[in-house]
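**Student:** I'd like to ask some things about the structure below.
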Amino acid sequence: MGGEIKQRHHLKAILFTGVVLIICVGFIMWLKEQAAQQPVPTDRAIYDAKITDWKKFGTDQDGDHFYRFDGSGKAFPDIFSIKTRLVYSEEGKKRYIEGRRQARLPLKDFDKLSSRTVLYGLNCFSKTKELCILEVFELTQEGATLDYAKSGSYKDWKAIPEDTIHEALYRVACPEKKDE
């Protein structure tokens with residue numbers, strides 16, 4: 001009799017686990033469907049690829065880096081919205097594609113990769129230099145979008161490390177702080 005009760009409890013646990021698993025898989029599939037329905041703002045990407053008012057702020061192993069302040073307004077109070085554009089060097093492009101390959105990300109048409117445009121939130125007003133990524137476009141020379149990502153409501157603010165291209169951006173974009 002005790003064996004029947006144990007067996008019944010095991011069956012209930014297996015059934016309960018199966019139902020929870022089915023609900024979780026269904027929820028994940030729904031989230032993927034919702035993400036796929038979000039339109040990629042291609043007009044903006046094409047515009048960013050074609051405009052010429054980018055200001056160069058650095059060069060590194062990935063290529064030439066440019067910036068311009070985003071005209072759509074501030075992302076947050078006292079935070080700058082700033083766009084950067086990386087025009088890949090041939091070596092930078094190869095390294096980036098290899099990183100995507102290792103991460104098992106799609107590579108369709110990435111042989112046409114030319115540049116990356118990133119919209120950042122740049123905090124010039126706190127004691128720590130920090131930024132967050134708001135939106136990323138991987139683009140062809142014509143402005144066609146190869147990949148696109150946009151942050152959700154949660155923003156992952158990161159400290160800007162010294163002697164990096166992001167620190168160079170901070171130096172040119174943020175007003176100089178005066179010691180009081």
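Identifiers for the structure tokens are assigned positionally: chains receive A, B, ... in sequence, residues are indexed from 1 per chain, and ligands are indexed from 1 in the order shown.
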Excluding region 120-136 of chain A and residues on its chain fewer than 4 positions from it, collect all residues at most 7 Å away from it, counting only C-alpha atoms, and give them as an NGL selection string.
**Tutor:** :A and (75 or 78-83 or 148-151 or 155-160 or 174)
**Student:** Write the selection just made, keeping all heavy atoms, as a compact mmCIF listing (two decimals), in the first residue's frame?
**Tutor:**
# COMPACT_ATOMS: atom_id res chain seq x y z
N ALA A 75 17.72 60.62 -24.01
CA ALA A 75 17.21 59.31 -23.61
C ALA A 75 16.74 59.35 -22.16
O ALA A 75 15.80 58.69 -21.79
CB ALA A 75 18.30 58.25 -23.77
N ASP A 78 19.43 64.58 -18.05
CA ASP A 78 20.87 64.79 -17.83
C ASP A 78 21.76 63.73 -18.46
O ASP A 78 22.90 63.55 -18.07
CB ASP A 78 21.19 64.89 -16.33
CG ASP A 78 20.51 66.08 -15.69
OD1 ASP A 78 20.33 67.10 -16.39
OD2 ASP A 78 20.14 65.98 -14.52
N ILE A 79 21.26 63.02 -19.43
CA ILE A 79 22.05 62.00 -20.13
C ILE A 79 22.00 62.33 -21.62
O ILE A 79 20.94 62.59 -22.17
CB ILE A 79 21.48 60.58 -19.90
CG1 ILE A 79 21.39 60.25 -18.42
CG2 ILE A 79 22.27 59.55 -20.66
CD1 ILE A 79 22.70 60.11 -17.70
N PHE A 80 23.14 62.30 -22.26
CA PHE A 80 23.20 62.54 -23.70
C PHE A 80 22.83 61.28 -24.47
O PHE A 80 23.22 60.18 -24.10
CB PHE A 80 24.60 62.94 -24.14
CG PHE A 80 24.99 64.33 -23.76
CD1 PHE A 80 26.09 64.54 -22.95
CD2 PHE A 80 24.27 65.42 -24.21
CE1 PHE A 80 26.47 65.82 -22.60
CE2 PHE A 80 24.64 66.69 -23.85
CZ PHE A 80 25.74 66.90 -23.05
N SER A 81 22.09 61.46 -25.55
CA SER A 81 21.92 60.40 -26.54
C SER A 81 22.95 60.70 -27.61
O SER A 81 22.96 61.79 -28.17
CB SER A 81 20.53 60.45 -27.15
OG SER A 81 19.56 60.11 -26.21
N ILE A 82 23.81 59.76 -27.86
CA ILE A 82 24.87 59.97 -28.83
C ILE A 82 25.00 58.73 -29.70
O ILE A 82 24.87 57.61 -29.21
CB ILE A 82 26.21 60.32 -28.13
CG1 ILE A 82 27.23 60.79 -29.13
CG2 ILE A 82 26.70 59.18 -27.27
CD1 ILE A 82 28.42 61.48 -28.49
N LYS A 83 25.18 58.95 -30.99
CA LYS A 83 25.36 57.83 -31.92
C LYS A 83 26.82 57.74 -32.28
O LYS A 83 27.50 58.75 -32.44
CB LYS A 83 24.55 58.05 -33.20
CG LYS A 83 23.10 57.75 -33.03
CD LYS A 83 22.38 57.71 -34.34
CE LYS A 83 20.92 57.35 -34.08
NZ LYS A 83 20.16 57.31 -35.29
N TYR A 148 20.12 43.83 -35.94
CA TYR A 148 19.57 44.95 -35.17
C TYR A 148 19.25 44.47 -33.77
O TYR A 148 18.77 43.35 -33.58
CB TYR A 148 18.29 45.46 -35.85
CG TYR A 148 17.53 46.48 -35.03
CD1 TYR A 148 17.98 47.77 -34.91
CD2 TYR A 148 16.36 46.12 -34.37
CE1 TYR A 148 17.29 48.71 -34.16
CE2 TYR A 148 15.66 47.05 -33.61
CZ TYR A 148 16.13 48.34 -33.52
OH TYR A 148 15.45 49.26 -32.77
N ALA A 149 19.55 45.30 -32.80
CA ALA A 149 19.20 44.99 -31.42
C ALA A 149 18.83 46.29 -30.71
O ALA A 149 19.39 47.35 -30.99
CB ALA A 149 20.36 44.33 -30.69
N LYS A 150 17.87 46.19 -29.81
CA LYS A 150 17.42 47.35 -29.05
C LYS A 150 17.26 46.91 -27.60
O LYS A 150 16.74 45.84 -27.32
CB LYS A 150 16.08 47.85 -29.59
CG LYS A 150 15.57 49.10 -28.92
CD LYS A 150 14.31 49.60 -29.59
CE LYS A 150 13.86 50.88 -28.90
NZ LYS A 150 12.71 51.46 -29.55
N SER A 151 17.72 47.76 -26.69
CA SER A 151 17.59 47.40 -25.27
C SER A 151 16.13 47.54 -24.85
O SER A 151 15.38 48.32 -25.42
CB SER A 151 18.49 48.28 -24.41
OG SER A 151 18.07 49.62 -24.45
N LYS A 155 18.12 49.21 -18.51
CA LYS A 155 19.35 49.68 -19.15
C LYS A 155 20.53 49.22 -18.32
O LYS A 155 20.59 49.46 -17.12
CB LYS A 155 19.37 51.21 -19.25
CG LYS A 155 18.14 51.82 -19.91
CD LYS A 155 17.99 51.39 -21.35
CE LYS A 155 16.80 52.06 -21.99
NZ LYS A 155 15.79 51.20 -22.45
N ASP A 156 21.48 48.57 -18.96
CA ASP A 156 22.66 48.05 -18.29
C ASP A 156 23.78 49.09 -18.39
O ASP A 156 24.50 49.15 -19.38
CB ASP A 156 23.08 46.74 -18.96
CG ASP A 156 24.17 46.01 -18.21
OD1 ASP A 156 24.46 46.39 -17.05
OD2 ASP A 156 24.74 45.07 -18.78
N TRP A 157 23.89 49.94 -17.37
CA TRP A 157 24.91 50.98 -17.34
C TRP A 157 26.25 50.36 -16.97
O TRP A 157 26.35 49.60 -16.03
CB TRP A 157 24.53 52.06 -16.34
CG TRP A 157 23.38 52.89 -16.82
CD1 TRP A 157 22.06 52.66 -16.57
CD2 TRP A 157 23.45 54.03 -17.65
NE1 TRP A 157 21.30 53.61 -17.20
CE2 TRP A 157 22.13 54.47 -17.87
CE3 TRP A 157 24.50 54.73 -18.24
CZ2 TRP A 157 21.84 55.58 -18.65
CZ3 TRP A 157 24.20 55.85 -19.01
CH2 TRP A 157 22.88 56.26 -19.21
N LYS A 158 27.28 50.71 -17.73
CA LYS A 158 28.62 50.18 -17.47
C LYS A 158 29.60 51.34 -17.32
O LYS A 158 29.51 52.34 -18.03
CB LYS A 158 29.07 49.29 -18.63
CG LYS A 158 28.20 48.07 -18.80
CD LYS A 158 28.94 46.98 -19.52
CE LYS A 158 28.05 45.84 -19.83
NZ LYS A 158 27.92 44.81 -18.98
N ALA A 159 30.53 51.15 -16.40
CA ALA A 159 31.61 52.12 -16.24
C ALA A 159 32.48 52.09 -17.50
O ALA A 159 32.71 51.03 -18.09
CB ALA A 159 32.43 51.80 -15.01
N ILE A 160 32.98 53.25 -17.89
CA ILE A 160 33.83 53.35 -19.08
C ILE A 160 35.28 53.10 -18.67
O ILE A 160 35.83 53.88 -17.88
CB ILE A 160 33.68 54.73 -19.74
CG1 ILE A 160 32.23 54.94 -20.19
CG2 ILE A 160 34.65 54.87 -20.90
CD1 ILE A 160 31.93 56.34 -20.69
N CYS A 174 31.57 64.84 -23.75
CA CYS A 174 31.13 65.37 -22.47
C CYS A 174 31.81 66.70 -22.16
O CYS A 174 33.02 66.84 -22.38
CB CYS A 174 31.41 64.38 -21.35
SG CYS A 174 30.41 62.89 -21.48
**Student:** Do you know which residues are at most 9 Å from Arg68 (chain A) counting only C-alpha atoms, after dropping those on the same chain fewer than 3 positions away, and could you put them as a list in words?
**Tutor:**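 Returned residues: Asp53, Trp54, Lys55, Gly71, Ile82, Lys83, Thr84, Arg85 and Ala173 of chain A.
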**Student:** Write out the residues from the selection above, keeping N, CA, C and O atoms, as a compact mmCIF listing (two decimals), in the first residue's frame.
**Tutor:**
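The resulting file, selection.txt, is shown below:
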# COMPACT_ATOMS: atom_id res chain seq x y z
N ASP A 53 27.69 64.18 -41.54
CA ASP A 53 28.13 65.06 -40.44
C ASP A 53 28.71 64.32 -39.24
O ASP A 53 28.73 64.83 -38.14
N TRP A 54 29.23 63.14 -39.47
CA TRP A 54 29.89 62.39 -38.41
C TRP A 54 31.24 63.03 -38.11
O TRP A 54 31.94 63.46 -39.01
N LYS A 55 31.62 63.07 -36.84
CA LYS A 55 32.91 63.62 -36.43
C LYS A 55 33.78 62.47 -35.95
O LYS A 55 33.38 61.70 -35.08
N GLY A 71 19.64 63.40 -32.74
CA GLY A 71 18.68 64.49 -32.83
C GLY A 71 17.31 64.15 -32.29
O GLY A 71 16.43 65.00 -32.26
N ILE A 82 23.81 59.76 -27.86
CA ILE A 82 24.87 59.97 -28.83
C ILE A 82 25.00 58.73 -29.70
O ILE A 82 24.87 57.61 -29.21
N LYS A 83 25.18 58.95 -30.99
CA LYS A 83 25.36 57.83 -31.92
C LYS A 83 26.82 57.74 -32.28
O LYS A 83 27.50 58.75 -32.44
N THR A 84 27.27 56.50 -32.40
CA THR A 84 28.61 56.27 -32.91
C THR A 84 28.51 55.42 -34.16
O THR A 84 27.54 54.68 -34.34
N ARG A 85 29.50 55.58 -34.98
CA ARG A 85 29.57 54.78 -36.20
C ARG A 85 30.97 54.22 -36.30
O ARG A 85 31.95 54.97 -36.26
N ALA A 173 32.76 64.10 -26.19
CA ALA A 173 31.33 64.37 -26.13
C ALA A 173 30.89 65.08 -24.85
O ALA A 173 29.91 65.83 -24.87
**Student:** Have a look at CA of Arg116 (chain A) and CA of Glu176 (chain A) and let me know their distance in Å, one decimal.
**Tutor:** 27.5 Å
**Student:** Measure the distance from CA of Leu105 (chain A) to CA of Leu139 (chain A) in Å and round it to one decimal.
**Tutor:**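 That distance, rounded to one decimal, is 15.6 Å.
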**Student:** Based on the backbone DSSP call, show me all residues of region 40-138 of chain A assigned helix (DSSP H, G or I), as a PDB file with all heavy atoms, in the first residue's frame.
**Tutor:**
ATOM      1  N   THR A  42      14.405  50.601 -40.390  1.00  0.00           N
ATOM      2  CA  THR A  42      15.381  50.645 -41.474  1.00  0.00           C
ATOM      3  C   THR A  42      15.589  52.049 -42.028  1.00  0.00           C
ATOM      4  O   THR A  42      16.684  52.351 -42.497  1.00  0.00           O
ATOM      5  CB  THR A  42      14.958  49.699 -42.614  1.00  0.00           C
ATOM      6  OG1 THR A  42      13.633  50.034 -43.021  1.00  0.00           O
ATOM      7  CG2 THR A  42      15.013  48.259 -42.169  1.00  0.00           C
ATOM      8  N   ASP A  43      14.574  52.900 -41.998  1.00  0.00           N
ATOM      9  CA  ASP A  43      14.746  54.263 -42.515  1.00  0.00           C
ATOM     10  C   ASP A  43      15.857  54.987 -41.772  1.00  0.00           C
ATOM     11  O   ASP A  43      16.675  55.675 -42.374  1.00  0.00           O
ATOM     12  CB  ASP A  43      13.448  55.065 -42.384  1.00  0.00           C
ATOM     13  CG  ASP A  43      12.355  54.550 -43.299  1.00  0.00           C
ATOM     14  OD1 ASP A  43      12.665  53.729 -44.188  1.00  0.00           O
ATOM     15  OD2 ASP A  43      11.196  54.953 -43.123  1.00  0.00           O
ATOM     16  N   ARG A  44      15.887  54.820 -40.456  1.00  0.00           N
ATOM     17  CA  ARG A  44      16.910  55.454 -39.634  1.00  0.00           C
ATOM     18  C   ARG A  44      18.290  54.911 -39.959  1.00  0.00           C
ATOM     19  O   ARG A  44      19.265  55.651 -40.019  1.00  0.00           O
ATOM     20  CB  ARG A  44      16.586  55.225 -38.163  1.00  0.00           C
ATOM     21  CG  ARG A  44      16.955  56.377 -37.308  1.00  0.00           C
ATOM     22  CD  ARG A  44      16.418  56.218 -35.924  1.00  0.00           C
ATOM     23  NE  ARG A  44      15.670  54.972 -35.776  1.00  0.00           N
ATOM     24  CZ  ARG A  44      15.382  54.411 -34.641  1.00  0.00           C
ATOM     25  NH1 ARG A  44      15.746  54.949 -33.546  1.00  0.00           N
ATOM     26  NH2 ARG A  44      14.710  53.302 -34.579  1.00  0.00           N
ATOM     27  N   ALA A  45      18.401  53.605 -40.166  1.00  0.00           N
ATOM     28  CA  ALA A  45      19.683  52.987 -40.482  1.00  0.00           C
ATOM     29  C   ALA A  45      20.206  53.499 -41.816  1.00  0.00           C
ATOM     30  O   ALA A  45      21.391  53.826 -41.948  1.00  0.00           O
ATOM     31  CB  ALA A  45      19.546  51.469 -40.510  1.00  0.00           C
ATOM     32  N   ILE A  46      19.345  53.577 -42.815  1.00  0.00           N
ATOM     33  CA  ILE A  46      19.747  54.070 -44.127  1.00  0.00           C
ATOM     34  C   ILE A  46      20.177  55.534 -44.020  1.00  0.00           C
ATOM     35  O   ILE A  46      21.194  55.939 -44.561  1.00  0.00           O
ATOM     36  CB  ILE A  46      18.615  53.887 -45.159  1.00  0.00           C
ATOM     37  CG1 ILE A  46      18.411  52.388 -45.427  1.00  0.00           C
ATOM     38  CG2 ILE A  46      18.925  54.635 -46.445  1.00  0.00           C
ATOM     39  CD1 ILE A  46      17.172  52.054 -46.211  1.00  0.00           C
ATOM     40  N   TYR A  47      19.419  56.332 -43.272  1.00  0.00           N
ATOM     41  CA  TYR A  47      19.761  57.744 -43.062  1.00  0.00           C
ATOM     42  C   TYR A  47      21.134  57.868 -42.408  1.00  0.00           C
ATOM     43  O   TYR A  47      21.985  58.642 -42.861  1.00  0.00           O
ATOM     44  CB  TYR A  47      18.689  58.420 -42.205  1.00  0.00           C
ATOM     45  CG  TYR A  47      19.039  59.826 -41.807  1.00  0.00           C
ATOM     46  CD1 TYR A  47      18.925  60.875 -42.727  1.00  0.00           C
ATOM     47  CD2 TYR A  47      19.480  60.114 -40.525  1.00  0.00           C
ATOM     48  CE1 TYR A  47      19.248  62.161 -42.360  1.00  0.00           C
ATOM     49  CE2 TYR A  47      19.808  61.406 -40.157  1.00  0.00           C
ATOM     50  CZ  TYR A  47      19.685  62.431 -41.078  1.00  0.00           C
ATOM     51  OH  TYR A  47      20.013  63.714 -40.717  1.00  0.00           O
ATOM     52  N   ASP A  48      21.369  57.092 -41.347  1.00  0.00           N
ATOM     53  CA  ASP A  48      22.651  57.154 -40.643  1.00  0.00           C
ATOM     54  C   ASP A  48      23.814  56.741 -41.543  1.00  0.00           C
ATOM     55  O   ASP A  48      24.916  57.268 -41.416  1.00  0.00           O
ATOM     56  CB  ASP A  48      22.632  56.274 -39.394  1.00  0.00           C
ATOM     57  CG  ASP A  48      21.844  56.900 -38.258  1.00  0.00           C
ATOM     58  OD1 ASP A  48      21.647  58.128 -38.260  1.00  0.00           O
ATOM     59  OD2 ASP A  48      21.420  56.152 -37.357  1.00  0.00           O
ATOM     60  N   ALA A  49      23.580  55.804 -42.447  1.00  0.00           N
ATOM     61  CA  ALA A  49      24.647  55.362 -43.351  1.00  0.00           C
ATOM     62  C   ALA A  49      24.957  56.417 -44.402  1.00  0.00           C
ATOM     63  O   ALA A  49      26.088  56.489 -44.892  1.00  0.00           O
ATOM     64  CB  ALA A  49      24.246  54.047 -44.021  1.00  0.00           C
ATOM     65  N   LYS A  50      23.999  57.258 -44.731  1.00  0.00           N
ATOM     66  CA  LYS A  50      24.176  58.214 -45.822  1.00  0.00           C
ATOM     67  C   LYS A  50      24.640  59.604 -45.363  1.00  0.00           C
ATOM     68  O   LYS A  50      25.229  60.339 -46.142  1.00  0.00           O
ATOM     69  CB  LYS A  50      22.859  58.366 -46.595  1.00  0.00           C
ATOM     70  CG  LYS A  50      22.342  57.055 -47.148  1.00  0.00           C
ATOM     71  CD  LYS A  50      22.693  56.891 -48.576  1.00  0.00           C
ATOM     72  CE  LYS A  50      22.023  55.647 -49.131  1.00  0.00           C
ATOM     73  NZ  LYS A  50      22.910  54.781 -49.795  1.00  0.00           N
ATOM     74  N   GLU A  90      39.328  46.034 -42.606  1.00  0.00           N
ATOM     75  CA  GLU A  90      39.180  44.669 -43.108  1.00  0.00           C
ATOM     76  C   GLU A  90      39.460  43.661 -41.982  1.00  0.00           C
ATOM     77  O   GLU A  90      38.742  42.683 -41.820  1.00  0.00           O
ATOM     78  CB  GLU A  90      40.122  44.436 -44.302  1.00  0.00           C
ATOM     79  CG  GLU A  90      39.717  43.280 -45.174  1.00  0.00           C
ATOM     80  CD  GLU A  90      38.272  43.335 -45.683  1.00  0.00           C
ATOM     81  OE1 GLU A  90      37.791  44.398 -46.095  1.00  0.00           O
ATOM     82  OE2 GLU A  90      37.607  42.272 -45.644  1.00  0.00           O
ATOM     83  N   GLU A  91      40.485  43.938 -41.167  1.00  0.00           N
ATOM     84  CA  GLU A  91      40.826  43.058 -40.047  1.00  0.00           C
ATOM     85  C   GLU A  91      39.727  43.080 -38.979  1.00  0.00           C
ATOM     86  O   GLU A  91      39.366  42.043 -38.422  1.00  0.00           O
ATOM     87  CB  GLU A  91      42.169  43.478 -39.442  1.00  0.00           C
ATOM     88  CG  GLU A  91      42.735  42.484 -38.464  1.00  0.00           C
ATOM     89  CD  GLU A  91      42.934  41.089 -39.053  1.00  0.00           C
ATOM     90  OE1 GLU A  91      43.347  40.963 -40.215  1.00  0.00           O
ATOM     91  OE2 GLU A  91      42.667  40.107 -38.327  1.00  0.00           O
ATOM     92  N   GLY A  92      39.185  44.259 -38.689  1.00  0.00           N
ATOM     93  CA  GLY A  92      38.104  44.376 -37.708  1.00  0.00           C
ATOM     94  C   GLY A  92      36.859  43.619 -38.142  1.00  0.00           C
ATOM     95  O   GLY A  92      36.197  42.963 -37.342  1.00  0.00           O
ATOM     96  N   LYS A  93      36.557  43.705 -39.421  1.00  0.00           N
ATOM     97  CA  LYS A  93      35.408  42.981 -39.984  1.00  0.00           C
ATOM     98  C   LYS A  93      35.608  41.469 -39.841  1.00  0.00           C
ATOM     99  O   LYS A  93      34.701  40.766 -39.388  1.00  0.00           O
ATOM    100  CB  LYS A  93      35.241  43.372 -41.457  1.00  0.00           C
ATOM    101  CG  LYS A  93      34.151  42.638 -42.192  1.00  0.00           C
ATOM    102  CD  LYS A  93      34.094  43.126 -43.630  1.00  0.00           C
ATOM    103  CE  LYS A  93      33.233  42.263 -44.495  1.00  0.00           C
ATOM    104  NZ  LYS A  93      33.147  42.751 -45.875  1.00  0.00           N
ATOM    105  N   LYS A  94      36.801  40.984 -40.180  1.00  0.00           N
ATOM    106  CA  LYS A  94      37.084  39.554 -40.065  1.00  0.00           C
ATOM    107  C   LYS A  94      36.944  39.097 -38.608  1.00  0.00           C
ATOM    108  O   LYS A  94      36.365  38.053 -38.332  1.00  0.00           O
ATOM    109  CB  LYS A  94      38.493  39.243 -40.564  1.00  0.00           C
ATOM    110  CG  LYS A  94      38.638  39.296 -42.059  1.00  0.00           C
ATOM    111  CD  LYS A  94      40.082  39.037 -42.458  1.00  0.00           C
ATOM    112  CE  LYS A  94      40.284  39.279 -43.938  1.00  0.00           C
ATOM    113  NZ  LYS A  94      41.713  39.193 -44.306  1.00  0.00           N
ATOM    114  N   ARG A  95      37.503  39.880 -37.685  1.00  0.00           N
ATOM    115  CA  ARG A  95      37.456  39.525 -36.264  1.00  0.00           C
ATOM    116  C   ARG A  95      36.004  39.514 -35.763  1.00  0.00           C
ATOM    117  O   ARG A  95      35.594  38.627 -35.037  1.00  0.00           O
ATOM    118  CB  ARG A  95      38.305  40.523 -35.463  1.00  0.00           C
ATOM    119  CG  ARG A  95      38.596  40.104 -34.070  1.00  0.00           C
ATOM    120  CD  ARG A  95      39.563  41.007 -33.292  1.00  0.00           C
ATOM    121  NE  ARG A  95      39.712  42.368 -33.741  1.00  0.00           N
ATOM    122  CZ  ARG A  95      40.688  42.804 -34.547  1.00  0.00           C
ATOM    123  NH1 ARG A  95      41.607  41.978 -35.004  1.00  0.00           N
ATOM    124  NH2 ARG A  95      40.748  44.085 -34.897  1.00  0.00           N
ATOM    125  N   TYR A  96      35.218  40.500 -36.182  1.00  0.00           N
ATOM    126  CA  TYR A  96      33.816  40.561 -35.751  1.00  0.00           C
ATOM    127  C   TYR A  96      33.020  39.365 -36.288  1.00  0.00           C
ATOM    128  O   TYR A  96      32.262  38.736 -35.546  1.00  0.00           O
ATOM    129  CB  TYR A  96      33.167  41.871 -36.201  1.00  0.00           C
ATOM    130  CG  TYR A  96      31.727  41.945 -35.783  1.00  0.00           C
ATOM    131  CD1 TYR A  96      31.384  42.139 -34.453  1.00  0.00           C
ATOM    132  CD2 TYR A  96      30.702  41.764 -36.705  1.00  0.00           C
ATOM    133  CE1 TYR A  96      30.062  42.170 -34.049  1.00  0.00           C
ATOM    134  CE2 TYR A  96      29.384  41.798 -36.308  1.00  0.00           C
ATOM    135  CZ  TYR A  96      29.066  42.000 -34.991  1.00  0.00           C
ATOM    136  OH  TYR A  96      27.748  42.015 -34.592  1.00  0.00           O
ATOM    137  N   ILE A  97      33.211  39.044 -37.550  1.00  0.00           N
ATOM    138  CA  ILE A  97      32.492  37.908 -38.146  1.00  0.00           C
ATOM    139  C   ILE A  97      32.900  36.609 -37.458  1.00  0.00           C
ATOM    140  O   ILE A  97      32.050  35.750 -37.185  1.00  0.00           O
ATOM    141  CB  ILE A  97      32.715  37.860 -39.673  1.00  0.00           C
ATOM    142  CG1 ILE A  97      31.988  39.048 -40.326  1.00  0.00           C
ATOM    143  CG2 ILE A  97      32.240  36.537 -40.267  1.00  0.00           C
ATOM    144  CD1 ILE A  97      32.297  39.231 -41.805  1.00  0.00           C
ATOM    145  N   GLU A  98      34.172  36.460 -37.141  1.00  0.00           N
ATOM    146  CA  GLU A  98      34.630  35.251 -36.443  1.00  0.00           C
ATOM    147  C   GLU A  98      33.987  35.166 -35.057  1.00  0.00           C
ATOM    148  O   GLU A  98      33.594  34.086 -34.613  1.00  0.00           O
ATOM    149  CB  GLU A  98      36.160  35.226 -36.330  1.00  0.00           C
ATOM    150  CG  GLU A  98      36.695  33.985 -35.654  1.00  0.00           C
ATOM    151  CD  GLU A  98      36.239  32.675 -36.301  1.00  0.00           C
ATOM    152  OE1 GLU A  98      36.047  32.616 -37.539  1.00  0.00           O
ATOM    153  OE2 GLU A  98      36.068  31.687 -35.555  1.00  0.00           O
ATOM    154  N   GLY A  99      33.854  36.295 -34.376  1.00  0.00           N
ATOM    155  CA  GLY A  99      33.180  36.315 -33.072  1.00  0.00           C
ATOM    156  C   GLY A  99      31.724  35.882 -33.192  1.00  0.00           C
ATOM    157  O   GLY A  99      31.217  35.148 -32.345  1.00  0.00           O
ATOM    158  N   ARG A 100      31.059  36.343 -34.239  1.00  0.00           N
ATOM    159  CA  ARG A 100      29.664  35.917 -34.475  1.00  0.00           C
ATOM    160  C   ARG A 100      29.611  34.419 -34.757  1.00  0.00           C
ATOM    161  O   ARG A 100      28.716  33.732 -34.281  1.00  0.00           O
ATOM    162  CB  ARG A 100      29.044  36.691 -35.643  1.00  0.00           C
ATOM    163  CG  ARG A 100      28.683  38.109 -35.312  1.00  0.00           C
ATOM    164  CD  ARG A 100      27.984  38.782 -36.495  1.00  0.00           C
ATOM    165  NE  ARG A 100      26.648  38.264 -36.709  1.00  0.00           N
ATOM    166  CZ  ARG A 100      25.541  38.725 -36.149  1.00  0.00           C
ATOM    167  NH1 ARG A 100      25.598  39.731 -35.318  1.00  0.00           N
ATOM    168  NH2 ARG A 100      24.367  38.187 -36.418  1.00  0.00           N
ATOM    169  N   ARG A 101      30.572  33.945 -35.543  1.00  0.00           N
ATOM    170  CA  ARG A 101      30.600  32.519 -35.877  1.00  0.00           C
ATOM    171  C   ARG A 101      30.753  31.688 -34.596  1.00  0.00           C
ATOM    172  O   ARG A 101      30.047  30.714 -34.390  1.00  0.00           O
ATOM    173  CB  ARG A 101      31.745  32.225 -36.845  1.00  0.00           C
ATOM    174  CG  ARG A 101      31.820  30.789 -37.322  1.00  0.00           C
ATOM    175  CD  ARG A 101      32.963  30.475 -38.276  1.00  0.00           C
ATOM    176  NE  ARG A 101      33.487  31.552 -39.091  1.00  0.00           N
ATOM    177  CZ  ARG A 101      32.926  32.027 -40.220  1.00  0.00           C
ATOM    178  NH1 ARG A 101      31.805  31.507 -40.657  1.00  0.00           N
ATOM    179  NH2 ARG A 101      33.483  33.001 -40.896  1.00  0.00           N
ATOM    180  N   GLN A 102      31.673  32.088 -33.726  1.00  0.00           N
ATOM    181  CA  GLN A 102      31.892  31.361 -32.481  1.00  0.00           C
ATOM    182  C   GLN A 102      30.681  31.423 -31.558  1.00  0.00           C
ATOM    183  O   GLN A 102      30.409  30.477 -30.833  1.00  0.00           O
ATOM    184  CB  GLN A 102      33.135  31.893 -31.771  1.00  0.00           C
ATOM    185  CG  GLN A 102      34.414  31.532 -32.471  1.00  0.00           C
ATOM    186  CD  GLN A 102      35.635  32.111 -31.789  1.00  0.00           C
ATOM    187  OE1 GLN A 102      35.550  32.758 -30.765  1.00  0.00           O
ATOM    188  NE2 GLN A 102      36.802  31.869 -32.388  1.00  0.00           N
ATOM    189  N   PHE A 110      26.847  38.712 -44.155  1.00  0.00           N
ATOM    190  CA  PHE A 110      27.836  39.475 -43.392  1.00  0.00           C
ATOM    191  C   PHE A 110      29.128  39.710 -44.165  1.00  0.00           C
ATOM    192  O   PHE A 110      29.966  40.487 -43.721  1.00  0.00           O
ATOM    193  CB  PHE A 110      28.107  38.833 -42.023  1.00  0.00           C
ATOM    194  CG  PHE A 110      27.243  39.431 -40.954  1.00  0.00           C
ATOM    195  CD1 PHE A 110      25.930  39.035 -40.808  1.00  0.00           C
ATOM    196  CD2 PHE A 110      27.726  40.424 -40.115  1.00  0.00           C
ATOM    197  CE1 PHE A 110      25.118  39.601 -39.846  1.00  0.00           C
ATOM    198  CE2 PHE A 110      26.921  41.006 -39.155  1.00  0.00           C
ATOM    199  CZ  PHE A 110      25.616  40.591 -39.013  1.00  0.00           C
ATOM    200  N   ASP A 111      29.276  39.091 -45.341  1.00  0.00           N
ATOM    201  CA  ASP A 111      30.407  39.438 -46.194  1.00  0.00           C
ATOM    202  C   ASP A 111      30.261  40.877 -46.705  1.00  0.00           C
ATOM    203  O   ASP A 111      31.237  41.501 -47.103  1.00  0.00           O
ATOM    204  CB  ASP A 111      30.524  38.455 -47.367  1.00  0.00           C
ATOM    205  CG  ASP A 111      29.250  38.408 -48.212  1.00  0.00           C
ATOM    206  OD1 ASP A 111      28.137  38.387 -47.640  1.00  0.00           O
ATOM    207  OD2 ASP A 111      29.374  38.372 -49.451  1.00  0.00           O
ATOM    208  N   LYS A 112      29.052  41.441 -46.630  1.00  0.00           N
ATOM    209  CA  LYS A 112      28.780  42.821 -47.054  1.00  0.00           C
ATOM    210  C   LYS A 112      28.865  43.822 -45.901  1.00  0.00           C
ATOM    211  O   LYS A 112      28.600  45.005 -46.083  1.00  0.00           O
ATOM    212  CB  LYS A 112      27.389  42.897 -47.687  1.00  0.00           C
ATOM    213  CG  LYS A 112      27.232  42.031 -48.921  1.00  0.00           C
ATOM    214  CD  LYS A 112      25.813  42.052 -49.406  1.00  0.00           C
ATOM    215  CE  LYS A 112      25.641  41.054 -50.539  1.00  0.00           C
ATOM    216  NZ  LYS A 112      24.236  40.777 -50.810  1.00  0.00           N
TER     217      LYS A 112
END
**Student:** Let me make sure I understand: among A:His10, A:Leu146, A:Ser115, A:Gly58, which one has the smallest atom-to-atom distance to Tyr170 (chain A) if we use only C-alpha atoms?
**Tutor:**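 Under the stated criterion, the closest residue is A:Gly58.
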**Student:** Between CA of Ile165 (chain A) and CA of Tyr88 (chain A), what is the distance, to one decimal in Å?
**Tutor:**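 Pair CA of Ile165 (chain A) / CA of Tyr88 (chain A) returns 13.8 Å.
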**Student:** Nearest to Gly143 (chain A): which of A:Leu15, A:Ala103, A:Ile51, A:Val172 is it, counting only C-alpha atoms?
**Tutor:** A:Ile51
**Student:** Nearest residue to Lys56 (chain A) out of A:Leu119, A:Val25, A:Ile5, A:Val87, using only C-alpha atoms?
**Tutor:**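 Comparing A:Leu119, A:Val25, A:Ile5, A:Val87 against Lys56 (chain A), the winner is A:Val87.
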